[in-house]
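Asker: Input structure: upload01.cif, which contains mmCIF, N, CA and C atoms.
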data_target
loop_
_atom_site.label_atom_id
_atom_site.label_comp_id
_atom_site.auth_asym_id
_atom_site.auth_seq_id
_atom_site.Cartn_x
_atom_site.Cartn_y
_atom_site.Cartn_z
N MET B 879 -41.26 44.12 7.11
CA MET B 879 -40.79 45.46 6.82
C MET B 879 -39.61 45.78 7.74
N PRO B 880 -38.50 46.28 7.19
CA PRO B 880 -37.33 46.57 8.02
C PRO B 880 -37.52 47.81 8.87
N LEU B 881 -36.66 47.92 9.87
CA LEU B 881 -36.65 49.09 10.74
C LEU B 881 -36.31 50.33 9.91
N GLU B 882 -37.08 51.41 10.13
CA GLU B 882 -36.82 52.68 9.47
C GLU B 882 -36.62 53.74 10.54
N ALA B 883 -35.76 54.71 10.26
CA ALA B 883 -35.59 55.87 11.14
C ALA B 883 -36.14 57.08 10.39
N ILE B 884 -37.23 57.63 10.90
CA ILE B 884 -37.91 58.73 10.23
C ILE B 884 -37.85 59.98 11.11
N ALA B 885 -37.35 61.06 10.54
CA ALA B 885 -37.25 62.33 11.26
C ALA B 885 -38.60 63.03 11.22
N ILE B 886 -39.07 63.42 12.40
CA ILE B 886 -40.32 64.18 12.47
C ILE B 886 -40.06 65.50 13.18
N ASN B 887 -40.90 66.48 12.89
CA ASN B 887 -40.81 67.75 13.60
C ASN B 887 -42.17 68.17 14.14
N SER B 888 -43.00 67.14 14.39
CA SER B 888 -44.32 67.35 14.98
C SER B 888 -44.79 66.02 15.56
N LEU B 889 -45.39 66.08 16.74
CA LEU B 889 -45.86 64.84 17.37
C LEU B 889 -47.14 64.32 16.74
N ASP B 890 -47.70 65.06 15.80
CA ASP B 890 -48.86 64.54 15.09
C ASP B 890 -48.51 64.18 13.65
N ALA B 891 -47.22 63.90 13.41
CA ALA B 891 -46.78 63.48 12.08
C ALA B 891 -47.51 62.18 11.70
N PRO B 892 -47.85 62.03 10.43
CA PRO B 892 -48.62 60.86 10.00
C PRO B 892 -47.77 59.61 9.77
N LEU B 893 -47.11 59.15 10.81
CA LEU B 893 -46.26 57.96 10.68
C LEU B 893 -47.07 56.66 10.72
N ILE B 894 -48.11 56.65 11.51
CA ILE B 894 -48.93 55.45 11.64
C ILE B 894 -49.98 55.50 10.52
N LYS B 895 -49.95 54.48 9.66
CA LYS B 895 -50.80 54.51 8.47
C LYS B 895 -52.30 54.58 8.78
N LYS B 896 -52.74 53.80 9.72
CA LYS B 896 -54.15 53.81 10.09
C LYS B 896 -54.28 53.96 11.61
N PRO B 897 -54.10 55.18 12.11
CA PRO B 897 -54.17 55.37 13.56
C PRO B 897 -55.57 55.04 14.09
N ALA B 898 -55.60 54.41 15.26
CA ALA B 898 -56.87 54.05 15.89
C ALA B 898 -57.53 55.25 16.56
N ARG B 899 -56.73 56.30 16.84
CA ARG B 899 -57.27 57.47 17.53
C ARG B 899 -56.37 58.67 17.25
N ASP B 900 -56.88 59.84 17.54
CA ASP B 900 -56.07 61.05 17.44
C ASP B 900 -54.93 60.96 18.45
N ASN B 901 -53.81 61.54 18.12
CA ASN B 901 -52.63 61.59 19.02
C ASN B 901 -52.04 60.22 19.31
N GLU B 902 -52.32 59.22 18.48
CA GLU B 902 -51.80 57.87 18.77
C GLU B 902 -50.28 57.85 18.76
N LEU B 903 -49.64 58.54 17.82
CA LEU B 903 -48.18 58.55 17.78
C LEU B 903 -47.61 59.12 19.08
N ALA B 904 -48.12 60.27 19.50
CA ALA B 904 -47.63 60.90 20.74
C ALA B 904 -47.86 59.98 21.93
N GLU B 905 -49.02 59.33 21.99
CA GLU B 905 -49.31 58.42 23.10
C GLU B 905 -48.35 57.24 23.12
N ARG B 906 -48.08 56.69 21.95
CA ARG B 906 -47.16 55.54 21.87
C ARG B 906 -45.73 55.96 22.24
N LEU B 907 -45.32 57.14 21.79
CA LEU B 907 -43.98 57.62 22.14
C LEU B 907 -43.86 57.88 23.63
N GLN B 908 -44.89 58.47 24.23
CA GLN B 908 -44.87 58.71 25.67
C GLN B 908 -44.78 57.38 26.42
N ALA B 909 -45.54 56.39 26.00
CA ALA B 909 -45.50 55.07 26.65
C ALA B 909 -44.12 54.43 26.48
N LEU B 910 -43.50 54.63 25.32
CA LEU B 910 -42.17 54.10 25.07
C LEU B 910 -41.17 54.69 26.06
N TYR B 911 -41.22 56.00 26.24
CA TYR B 911 -40.31 56.64 27.20
C TYR B 911 -40.67 56.27 28.64
N ASP B 912 -41.95 56.17 28.94
CA ASP B 912 -42.36 55.79 30.30
C ASP B 912 -41.87 54.39 30.66
N SER B 913 -41.71 53.53 29.66
CA SER B 913 -41.27 52.15 29.93
C SER B 913 -39.76 52.03 30.11
N ASP B 914 -39.04 53.14 29.92
CA ASP B 914 -37.58 53.13 29.96
C ASP B 914 -37.07 53.84 31.21
N ASP B 915 -36.58 53.06 32.16
CA ASP B 915 -36.09 53.62 33.42
C ASP B 915 -34.87 54.51 33.24
N ALA B 916 -34.18 54.38 32.11
CA ALA B 916 -32.98 55.19 31.87
C ALA B 916 -33.31 56.59 31.36
N GLN B 917 -34.58 56.84 31.07
CA GLN B 917 -35.00 58.13 30.52
C GLN B 917 -35.96 58.84 31.46
N PRO B 918 -36.05 60.17 31.34
CA PRO B 918 -37.04 60.89 32.14
C PRO B 918 -38.46 60.45 31.77
N ASP B 919 -39.41 60.93 32.53
CA ASP B 919 -40.83 60.68 32.28
C ASP B 919 -41.17 61.00 30.83
N GLY B 920 -42.03 60.19 30.21
CA GLY B 920 -42.38 60.37 28.81
C GLY B 920 -42.95 61.73 28.49
N ALA B 921 -43.83 62.24 29.34
CA ALA B 921 -44.43 63.56 29.10
C ALA B 921 -43.34 64.64 29.13
N GLU B 922 -42.37 64.50 30.02
CA GLU B 922 -41.27 65.46 30.12
C GLU B 922 -40.42 65.45 28.85
N VAL B 923 -40.07 64.25 28.38
CA VAL B 923 -39.26 64.14 27.17
C VAL B 923 -40.01 64.74 25.98
N LEU B 924 -41.29 64.39 25.83
CA LEU B 924 -42.05 64.90 24.69
C LEU B 924 -42.22 66.42 24.77
N ASN B 925 -42.29 66.97 25.96
CA ASN B 925 -42.35 68.42 26.11
C ASN B 925 -41.04 69.06 25.64
N ILE B 926 -39.92 68.48 26.03
CA ILE B 926 -38.61 68.99 25.60
C ILE B 926 -38.49 68.89 24.08
N VAL B 927 -38.91 67.77 23.54
CA VAL B 927 -38.84 67.56 22.09
C VAL B 927 -39.75 68.56 21.36
N ALA B 928 -40.96 68.75 21.88
CA ALA B 928 -41.90 69.70 21.25
C ALA B 928 -41.32 71.12 21.26
N GLN B 929 -40.63 71.50 22.35
CA GLN B 929 -39.97 72.81 22.39
C GLN B 929 -38.87 72.87 21.33
N GLY B 930 -38.17 71.75 21.16
CA GLY B 930 -37.13 71.67 20.13
C GLY B 930 -37.68 71.81 18.73
N PHE B 931 -38.87 71.26 18.50
CA PHE B 931 -39.50 71.39 17.18
C PHE B 931 -39.64 72.85 16.79
N LYS B 932 -39.93 73.70 17.75
CA LYS B 932 -40.11 75.13 17.48
C LYS B 932 -38.82 75.79 17.01
N ARG B 933 -37.69 75.15 17.32
CA ARG B 933 -36.38 75.67 16.93
C ARG B 933 -35.78 74.87 15.76
N GLY B 934 -36.61 74.07 15.11
CA GLY B 934 -36.15 73.31 13.94
C GLY B 934 -35.46 72.00 14.26
N GLN B 935 -35.63 71.50 15.47
CA GLN B 935 -35.01 70.23 15.87
C GLN B 935 -35.89 69.06 15.41
N TYR B 936 -35.34 67.85 15.52
CA TYR B 936 -36.06 66.65 15.07
C TYR B 936 -36.10 65.58 16.14
N LEU B 937 -37.07 64.71 16.00
CA LEU B 937 -37.12 63.46 16.74
C LEU B 937 -37.11 62.37 15.69
N TYR B 938 -36.14 61.49 15.78
CA TYR B 938 -36.15 60.33 14.89
C TYR B 938 -36.96 59.23 15.56
N VAL B 939 -37.87 58.67 14.81
CA VAL B 939 -38.71 57.59 15.31
C VAL B 939 -38.38 56.33 14.52
N GLY B 940 -38.10 55.27 15.24
CA GLY B 940 -37.84 53.98 14.61
C GLY B 940 -39.16 53.25 14.42
N MET B 941 -39.54 53.08 13.16
CA MET B 941 -40.81 52.43 12.85
C MET B 941 -40.55 51.01 12.37
N PHE B 942 -41.37 50.08 12.87
CA PHE B 942 -41.31 48.69 12.44
C PHE B 942 -42.74 48.17 12.45
N ASN B 943 -43.20 47.65 11.33
CA ASN B 943 -44.57 47.14 11.21
C ASN B 943 -45.59 48.18 11.64
N ASP B 944 -45.40 49.42 11.20
CA ASP B 944 -46.32 50.52 11.44
C ASP B 944 -46.44 50.92 12.92
N LYS B 945 -45.42 50.58 13.70
CA LYS B 945 -45.43 50.95 15.12
C LYS B 945 -44.08 51.58 15.49
N PRO B 946 -44.11 52.60 16.34
CA PRO B 946 -42.84 53.17 16.81
C PRO B 946 -42.21 52.24 17.86
N ILE B 947 -40.98 51.80 17.57
CA ILE B 947 -40.30 50.91 18.53
C ILE B 947 -39.02 51.54 19.08
N ALA B 948 -38.66 52.71 18.57
CA ALA B 948 -37.46 53.39 19.06
C ALA B 948 -37.60 54.89 18.77
N ALA B 949 -36.86 55.68 19.53
CA ALA B 949 -36.86 57.12 19.30
C ALA B 949 -35.57 57.71 19.86
N VAL B 950 -35.12 58.80 19.23
CA VAL B 950 -33.98 59.56 19.72
C VAL B 950 -34.12 60.99 19.21
N ALA B 951 -33.86 61.94 20.09
CA ALA B 951 -33.91 63.35 19.71
C ALA B 951 -32.59 63.72 19.03
N CYS B 952 -32.71 64.57 18.02
CA CYS B 952 -31.54 65.05 17.28
C CYS B 952 -31.58 66.57 17.34
N PHE B 953 -30.70 67.13 18.17
CA PHE B 953 -30.70 68.57 18.41
C PHE B 953 -29.46 69.22 17.81
N ASP B 954 -29.65 70.42 17.30
CA ASP B 954 -28.56 71.25 16.83
C ASP B 954 -28.05 71.99 18.06
N ASP B 955 -26.76 71.90 18.33
CA ASP B 955 -26.27 72.56 19.55
C ASP B 955 -26.19 74.08 19.42
N GLY B 956 -26.39 74.61 18.21
CA GLY B 956 -26.43 76.05 18.02
C GLY B 956 -25.07 76.74 18.02
N GLN B 957 -24.02 76.00 18.30
CA GLN B 957 -22.69 76.59 18.37
C GLN B 957 -21.74 76.02 17.33
N THR B 958 -21.97 74.77 16.96
CA THR B 958 -21.12 74.12 15.96
C THR B 958 -22.04 73.44 14.95
N ASP B 959 -21.45 72.73 14.03
CA ASP B 959 -22.24 71.98 13.06
C ASP B 959 -22.57 70.58 13.56
N ALA B 960 -22.22 70.29 14.80
CA ALA B 960 -22.47 68.96 15.37
C ALA B 960 -23.94 68.80 15.73
N LYS B 961 -24.39 67.56 15.72
CA LYS B 961 -25.75 67.22 16.17
C LYS B 961 -25.65 66.45 17.48
N ARG B 962 -26.49 66.83 18.42
CA ARG B 962 -26.53 66.18 19.73
C ARG B 962 -27.66 65.17 19.71
N LEU B 963 -27.32 63.92 19.98
CA LEU B 963 -28.31 62.85 20.06
C LEU B 963 -28.59 62.57 21.53
N GLN B 964 -29.88 62.55 21.87
CA GLN B 964 -30.27 62.44 23.27
C GLN B 964 -31.62 61.74 23.37
N TYR B 965 -31.89 61.18 24.52
CA TYR B 965 -33.18 60.54 24.83
C TYR B 965 -33.45 59.31 23.95
N LEU B 966 -32.45 58.45 23.84
CA LEU B 966 -32.64 57.19 23.10
C LEU B 966 -33.48 56.23 23.92
N THR B 967 -34.51 55.70 23.30
CA THR B 967 -35.32 54.67 23.93
C THR B 967 -35.68 53.62 22.90
N VAL B 968 -35.85 52.40 23.37
CA VAL B 968 -36.25 51.28 22.53
C VAL B 968 -37.35 50.52 23.26
N HIS B 969 -38.31 50.03 22.50
CA HIS B 969 -39.42 49.27 23.08
C HIS B 969 -38.87 48.12 23.93
N PRO B 970 -39.48 47.86 25.10
CA PRO B 970 -38.98 46.82 26.01
C PRO B 970 -38.76 45.45 25.35
N GLU B 971 -39.61 45.06 24.44
CA GLU B 971 -39.46 43.76 23.79
C GLU B 971 -38.28 43.71 22.82
N ASN B 972 -37.73 44.88 22.49
CA ASN B 972 -36.62 44.93 21.54
C ASN B 972 -35.29 45.31 22.20
N ARG B 973 -35.29 45.49 23.50
CA ARG B 973 -34.04 45.80 24.20
C ARG B 973 -33.17 44.55 24.24
N LYS B 974 -31.89 44.76 24.31
CA LYS B 974 -30.88 43.68 24.35
C LYS B 974 -30.84 42.88 23.05
N ARG B 975 -31.31 43.51 21.95
CA ARG B 975 -31.30 42.82 20.65
C ARG B 975 -30.57 43.65 19.60
N ALA B 976 -29.76 44.61 20.04
CA ALA B 976 -28.96 45.48 19.17
C ALA B 976 -29.81 46.37 18.27
N ILE B 977 -31.10 46.51 18.58
CA ILE B 977 -31.94 47.43 17.83
C ILE B 977 -31.45 48.86 18.05
N ASP B 978 -30.99 49.16 19.27
CA ASP B 978 -30.51 50.51 19.56
C ASP B 978 -29.34 50.89 18.64
N ALA B 979 -28.41 49.97 18.44
CA ALA B 979 -27.25 50.25 17.59
C ALA B 979 -27.68 50.41 16.13
N LYS B 980 -28.54 49.53 15.67
CA LYS B 980 -29.01 49.62 14.29
C LYS B 980 -29.75 50.95 14.07
N PHE B 981 -30.57 51.33 15.03
CA PHE B 981 -31.34 52.56 14.93
C PHE B 981 -30.41 53.78 14.92
N ILE B 982 -29.42 53.82 15.80
CA ILE B 982 -28.46 54.93 15.83
C ILE B 982 -27.71 55.02 14.50
N LYS B 983 -27.36 53.89 13.93
CA LYS B 983 -26.67 53.87 12.63
C LYS B 983 -27.58 54.45 11.54
N LEU B 984 -28.87 54.12 11.57
CA LEU B 984 -29.81 54.69 10.59
C LEU B 984 -29.91 56.21 10.74
N VAL B 985 -29.96 56.68 11.98
CA VAL B 985 -30.03 58.12 12.24
C VAL B 985 -28.73 58.78 11.77
N TYR B 986 -27.61 58.18 12.09
CA TYR B 986 -26.30 58.68 11.66
C TYR B 986 -26.26 58.82 10.14
N ASP B 987 -26.66 57.77 9.44
CA ASP B 987 -26.63 57.79 7.97
C ASP B 987 -27.53 58.90 7.42
N ALA B 988 -28.71 59.06 7.99
CA ALA B 988 -29.64 60.10 7.52
C ALA B 988 -29.06 61.49 7.74
N GLU B 989 -28.43 61.71 8.88
CA GLU B 989 -27.86 63.03 9.17
C GLU B 989 -26.61 63.30 8.34
N VAL B 990 -25.81 62.28 8.09
CA VAL B 990 -24.62 62.45 7.25
C VAL B 990 -25.05 62.86 5.83
N LYS B 991 -26.13 62.27 5.34
CA LYS B 991 -26.65 62.65 4.02
C LYS B 991 -27.05 64.12 3.98
N LYS B 992 -27.42 64.68 5.14
CA LYS B 992 -27.78 66.10 5.22
C LYS B 992 -26.55 66.99 5.38
N GLY B 993 -25.37 66.38 5.53
CA GLY B 993 -24.14 67.16 5.64
C GLY B 993 -23.53 67.22 7.03
N VAL B 994 -24.12 66.56 8.01
CA VAL B 994 -23.57 66.57 9.37
C VAL B 994 -22.26 65.78 9.38
N ARG B 995 -21.25 66.32 10.03
CA ARG B 995 -19.93 65.67 10.07
C ARG B 995 -19.52 65.23 11.47
N GLU B 996 -20.23 65.71 12.50
CA GLU B 996 -19.84 65.38 13.88
C GLU B 996 -21.09 65.23 14.74
N PHE B 997 -21.00 64.31 15.69
CA PHE B 997 -22.13 64.02 16.58
C PHE B 997 -21.67 64.10 18.03
N ILE B 998 -22.60 64.52 18.87
CA ILE B 998 -22.33 64.59 20.31
C ILE B 998 -23.36 63.70 21.00
N PRO B 999 -22.94 62.52 21.44
CA PRO B 999 -23.87 61.66 22.17
C PRO B 999 -24.07 62.21 23.57
N ALA B 1000 -25.32 62.44 23.94
CA ALA B 1000 -25.60 63.11 25.22
C ALA B 1000 -25.88 62.15 26.36
N ASP B 1001 -25.84 60.85 26.10
CA ASP B 1001 -25.97 59.91 27.22
C ASP B 1001 -25.06 58.71 27.00
N ALA B 1002 -24.85 57.95 28.05
CA ALA B 1002 -23.86 56.87 28.04
C ALA B 1002 -24.16 55.79 26.99
N ASP B 1003 -25.42 55.42 26.83
CA ASP B 1003 -25.76 54.37 25.85
C ASP B 1003 -25.46 54.82 24.43
N ILE B 1004 -25.83 56.04 24.10
CA ILE B 1004 -25.56 56.54 22.75
C ILE B 1004 -24.05 56.67 22.55
N HIS B 1005 -23.35 57.15 23.57
CA HIS B 1005 -21.88 57.28 23.46
C HIS B 1005 -21.22 55.92 23.24
N ARG B 1006 -21.67 54.92 23.98
CA ARG B 1006 -21.12 53.57 23.82
C ARG B 1006 -21.31 53.07 22.40
N ILE B 1007 -22.51 53.21 21.88
CA ILE B 1007 -22.81 52.73 20.53
C ILE B 1007 -21.98 53.49 19.50
N MET B 1008 -21.98 54.81 19.59
CA MET B 1008 -21.29 55.61 18.59
C MET B 1008 -19.77 55.43 18.66
N SER B 1009 -19.24 55.22 19.84
CA SER B 1009 -17.80 54.96 19.98
C SER B 1009 -17.45 53.59 19.41
N GLU B 1010 -18.25 52.60 19.78
CA GLU B 1010 -17.98 51.23 19.34
C GLU B 1010 -18.01 51.10 17.82
N TYR B 1011 -18.92 51.80 17.18
CA TYR B 1011 -19.06 51.71 15.72
C TYR B 1011 -18.40 52.87 14.99
N GLU B 1012 -17.61 53.67 15.73
CA GLU B 1012 -16.85 54.79 15.17
C GLU B 1012 -17.75 55.75 14.39
N LEU B 1013 -18.81 56.20 15.06
CA LEU B 1013 -19.80 57.07 14.43
C LEU B 1013 -19.78 58.51 15.00
N LEU B 1014 -18.78 58.85 15.77
CA LEU B 1014 -18.76 60.19 16.38
C LEU B 1014 -18.43 61.27 15.35
N ARG B 1015 -17.55 60.95 14.41
CA ARG B 1015 -17.18 61.90 13.35
C ARG B 1015 -17.16 61.16 12.02
N VAL B 1016 -17.52 61.88 10.99
CA VAL B 1016 -17.46 61.31 9.64
C VAL B 1016 -16.00 61.34 9.21
N LYS B 1017 -15.53 60.22 8.73
CA LYS B 1017 -14.14 60.14 8.28
C LYS B 1017 -14.03 60.82 6.92
N ASP B 1018 -13.07 61.71 6.81
CA ASP B 1018 -12.87 62.41 5.52
C ASP B 1018 -11.96 61.63 4.60
#
Let's see the structure in the file written out as structure tokens.

Answerer:
Amino acid sequence: MPLEAIAINSLDAPLIKKPARDNELAERLQALYDSDDAQPDGAEVLNIVAQGFKRGQYLYVGMFNDKPIAAVACFDDGQTDAKRLQYLTVHPENRKRAIDAKFIKLVYDAEVKKGVREFIPADADIHRIMSEYELLRVKD
């Protein structure tokens, strides 16, 4: 099964087909962020994301073989039509394999289909990927 980028607006979204326990998605996402030294503590990120959900924001989750292997927050900056991408993480076994770039491209494509024309990468890794692949603005 190929990598999918799925937008969620709740940490109890039914992404895992047969969860072994309640809150499995949230636990896996927290562990994913905890394993990434470039990101804040997993509980902190999920708290920020959960606050964003209340304002209509999304978390894109990269699913592969029924497991979350990547995540990035997609926030509306509230001032322009641009979307701010922040808190990109990829499972440790998938780092250095260009999964991050493929995942950002999937998120970009999904948001462009919704009408987004400009993106603001909020960290260096996302900025590098989006600049390299010319994904900061949709070409008219």

Asker: If we count all atoms listed in the file and set the cut-off at 8 Å, which residues sit around Leu924 (chain B), ignoring sequence neighbours fewer than 5 positions away in its own chain? Please answer as number ranges by chain.

Answerer: B: 904, 907-908, 911, 918-919, 929-930

Asker: Per DSSP on the backbone, what are the strand (DSSP E or B) residues of chain B, as a ChimeraX atom specification?

Answerer: /B:882-886,936-942,945-954,961-968,996-999,1015

Asker: State, in Å with one decimal place, the distance from atom N of Leu937 (chain B) to atom N of Cys952 (chain B).

Answerer: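 Distance reported for this atom pair: 4.8 Å.
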
Asker: Determine the nearest neighbour of Ala949 (chain B) from the options B:Phe981, B:Arg973, B:Leu893, B:Gly920, counting only N, CA and C atoms.

Answerer: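 That would be B:Phe981, the residue with the smallest distance to Ala949 (chain B).
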
Asker: Please list as a ChimeraX atom specification every residue within 9 Å of Lys932 (chain B), counting only C-alpha atoms and excluding residues in the same chain fewer than 4 positions away.

Answerer: /B:887,927-928

Asker: List the residues selected by the PyMOL selection byres ((chain B and resi 903) around 8) in the file shown, writing them as number ranges by chain.

Answerer: B: 889-891, 893-894, 897-902, 904-909, 946

Asker: Do a neighbour search on Ala916 (chain B) at 12 Å with only C-alpha atoms, toss out local chain neighbours closer than 6 positions, and write the hits as a list in words.

Answerer: Leu910, Val923, Gln964, Tyr965, Leu966, Thr967, Val968, Pro970, Asp1001, Ala1002, Asp1003 and Ile1004 of chain B

Asker: Find the distance between CA of Glu1012 (chain B) and CA of Tyr986 (chain B) and write it in Å to one decimal.

Answerer: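 These atoms are spaced 10.8 Å apart.
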
Asker: With only N, CA and C atoms as the atoms that count, which of B:Asp978, B:Asp959, B:Glu882, B:Asp912 lies nearest to Val939 (chain B)?

Answerer: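 For Val939 (chain B), the nearest of the given residues is B:Glu882.
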
Asker: Could you tell me how far CA of Tyr1011 (chain B) lies from atom C of Ala976 (chain B), in Å and to one decimal?

Answerer: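 Value for the CA of Tyr1011 (chain B)-atom C of Ala976 (chain B) distance: 12.3 Å.
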
Asker: Write out as JSON, numbers by chain the set of residues from chain B that DSSP, computed on the backbone, places in helix (DSSP H, G or I).

Answerer: {"B": [902, 903, 904, 905, 906, 907, 908, 909, 910, 911, 912, 920, 921, 922, 923, 924, 925, 926, 927, 928, 929, 930, 931, 970, 971, 972, 977, 978, 979, 980, 981, 982, 983, 984, 985, 986, 987, 988, 989, 990, 991, 1002, 1003, 1004, 1005, 1006, 1007, 1008, 1009, 1010]}

Asker: Let me make sure I understand: among B:Ile947, B:Lys896, B:Ala921, B:Leu1013, which one has the smallest atom-to-atom distance to Asn972 (chain B) if we use only C-alpha atoms?

Answerer: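 Looking only at the distances to Asn972 (chain B), the closest residue turns out to be B:Ile947.
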
Asker: Closest to Met1008 (chain B) among B:Ile977, B:Ile884, B:Ala951, B:Leu963, using only C-alpha atoms?

Answerer: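 For Met1008 (chain B), the nearest of the given residues is B:Leu963.
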
Asker: Padding 6 Å on every side, please: axis-aligned box over the listed atoms of region 884-889 of chain B, centre and edge lengths to one decimal in Å, as AutoDock Vina command-line options.

Answerer:
--center_x -42.2 --center_y 62.9 --center_z 13.8 --size_x 21.9 --size_y 22.5 --size_z 19.1

Asker: Exactly which residues make up the result of the PyMOL selection byres ((chain B and resi 1015) around 7) on this file, given as a ChimeraX atom specification?

Answerer: /B:995-997,1012-1014,1016-1018

Asker: Choose the residue, out of B:Val950, B:Ala960, B:Lys945, B:Ser888, that has the smallest atom-to-atom separation from Val994 (chain B); count only N, CA and C atoms.

Answerer: B:Ala960

Asker: Output as a PDB file, keeping the file's coordinate frame: region 890-906 of chain B, completed with N, CA, C and O atoms.

Answerer:
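And here is the file that came out, part11.pdb:
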ATOM      1  N   ASP B 890     -47.700  65.060  15.800  1.00  0.00           N
ATOM      2  CA  ASP B 890     -48.860  64.540  15.090  1.00  0.00           C
ATOM      3  C   ASP B 890     -48.510  64.180  13.650  1.00  0.00           C
ATOM      4  O   ASP B 890     -49.367  64.135  12.774  1.00  0.00           O
ATOM      5  N   ALA B 891     -47.220  63.900  13.410  1.00  0.00           N
ATOM      6  CA  ALA B 891     -46.780  63.480  12.080  1.00  0.00           C
ATOM      7  C   ALA B 891     -47.510  62.180  11.700  1.00  0.00           C
ATOM      8  O   ALA B 891     -47.759  61.336  12.550  1.00  0.00           O
ATOM      9  N   PRO B 892     -47.850  62.030  10.430  1.00  0.00           N
ATOM     10  CA  PRO B 892     -48.620  60.860  10.000  1.00  0.00           C
ATOM     11  C   PRO B 892     -47.770  59.610   9.770  1.00  0.00           C
ATOM     12  O   PRO B 892     -47.733  59.045   8.684  1.00  0.00           O
ATOM     13  N   LEU B 893     -47.110  59.150  10.810  1.00  0.00           N
ATOM     14  CA  LEU B 893     -46.260  57.960  10.680  1.00  0.00           C
ATOM     15  C   LEU B 893     -47.070  56.660  10.720  1.00  0.00           C
ATOM     16  O   LEU B 893     -46.709  55.696  10.074  1.00  0.00           O
ATOM     17  N   ILE B 894     -48.110  56.650  11.510  1.00  0.00           N
ATOM     18  CA  ILE B 894     -48.930  55.450  11.640  1.00  0.00           C
ATOM     19  C   ILE B 894     -49.980  55.500  10.520  1.00  0.00           C
ATOM     20  O   ILE B 894     -50.754  56.453  10.434  1.00  0.00           O
ATOM     21  N   LYS B 895     -49.950  54.480   9.660  1.00  0.00           N
ATOM     22  CA  LYS B 895     -50.800  54.510   8.470  1.00  0.00           C
ATOM     23  C   LYS B 895     -52.300  54.580   8.780  1.00  0.00           C
ATOM     24  O   LYS B 895     -53.027  55.334   8.159  1.00  0.00           O
ATOM     25  N   LYS B 896     -52.740  53.800   9.720  1.00  0.00           N
ATOM     26  CA  LYS B 896     -54.150  53.810  10.090  1.00  0.00           C
ATOM     27  C   LYS B 896     -54.280  53.960  11.610  1.00  0.00           C
ATOM     28  O   LYS B 896     -54.526  52.985  12.327  1.00  0.00           O
ATOM     29  N   PRO B 897     -54.100  55.180  12.110  1.00  0.00           N
ATOM     30  CA  PRO B 897     -54.170  55.370  13.560  1.00  0.00           C
ATOM     31  C   PRO B 897     -55.570  55.040  14.090  1.00  0.00           C
ATOM     32  O   PRO B 897     -56.575  55.328  13.455  1.00  0.00           O
ATOM     33  N   ALA B 898     -55.600  54.410  15.260  1.00  0.00           N
ATOM     34  CA  ALA B 898     -56.870  54.050  15.890  1.00  0.00           C
ATOM     35  C   ALA B 898     -57.530  55.250  16.560  1.00  0.00           C
ATOM     36  O   ALA B 898     -58.725  55.225  16.819  1.00  0.00           O
ATOM     37  N   ARG B 899     -56.730  56.300  16.840  1.00  0.00           N
ATOM     38  CA  ARG B 899     -57.270  57.470  17.530  1.00  0.00           C
ATOM     39  C   ARG B 899     -56.370  58.670  17.250  1.00  0.00           C
ATOM     40  O   ARG B 899     -55.240  58.522  16.799  1.00  0.00           O
ATOM     41  N   ASP B 900     -56.880  59.840  17.540  1.00  0.00           N
ATOM     42  CA  ASP B 900     -56.070  61.050  17.440  1.00  0.00           C
ATOM     43  C   ASP B 900     -54.930  60.960  18.450  1.00  0.00           C
ATOM     44  O   ASP B 900     -55.073  60.367  19.517  1.00  0.00           O
ATOM     45  N   ASN B 901     -53.810  61.540  18.120  1.00  0.00           N
ATOM     46  CA  ASN B 901     -52.630  61.590  19.020  1.00  0.00           C
ATOM     47  C   ASN B 901     -52.040  60.220  19.310  1.00  0.00           C
ATOM     48  O   ASN B 901     -51.324  60.059  20.310  1.00  0.00           O
ATOM     49  N   GLU B 902     -52.320  59.220  18.480  1.00  0.00           N
ATOM     50  CA  GLU B 902     -51.800  57.870  18.770  1.00  0.00           C
ATOM     51  C   GLU B 902     -50.280  57.850  18.760  1.00  0.00           C
ATOM     52  O   GLU B 902     -49.672  57.214  19.634  1.00  0.00           O
ATOM     53  N   LEU B 903     -49.640  58.540  17.820  1.00  0.00           N
ATOM     54  CA  LEU B 903     -48.180  58.550  17.780  1.00  0.00           C
ATOM     55  C   LEU B 903     -47.610  59.120  19.080  1.00  0.00           C
ATOM     56  O   LEU B 903     -46.737  58.523  19.702  1.00  0.00           O
ATOM     57  N   ALA B 904     -48.120  60.270  19.500  1.00  0.00           N
ATOM     58  CA  ALA B 904     -47.630  60.900  20.740  1.00  0.00           C
ATOM     59  C   ALA B 904     -47.860  59.980  21.930  1.00  0.00           C
ATOM     60  O   ALA B 904     -46.988  59.841  22.795  1.00  0.00           O
ATOM     61  N   GLU B 905     -49.020  59.330  21.990  1.00  0.00           N
ATOM     62  CA  GLU B 905     -49.310  58.420  23.100  1.00  0.00           C
ATOM     63  C   GLU B 905     -48.350  57.240  23.120  1.00  0.00           C
ATOM     64  O   GLU B 905     -47.848  56.850  24.178  1.00  0.00           O
ATOM     65  N   ARG B 906     -48.080  56.690  21.950  1.00  0.00           N
ATOM     66  CA  ARG B 906     -47.160  55.540  21.870  1.00  0.00           C
ATOM     67  C   ARG B 906     -45.730  55.960  22.240  1.00  0.00           C
ATOM     68  O   ARG B 906     -45.027  55.213  22.913  1.00  0.00           O
TER      69      ARG B 906
END
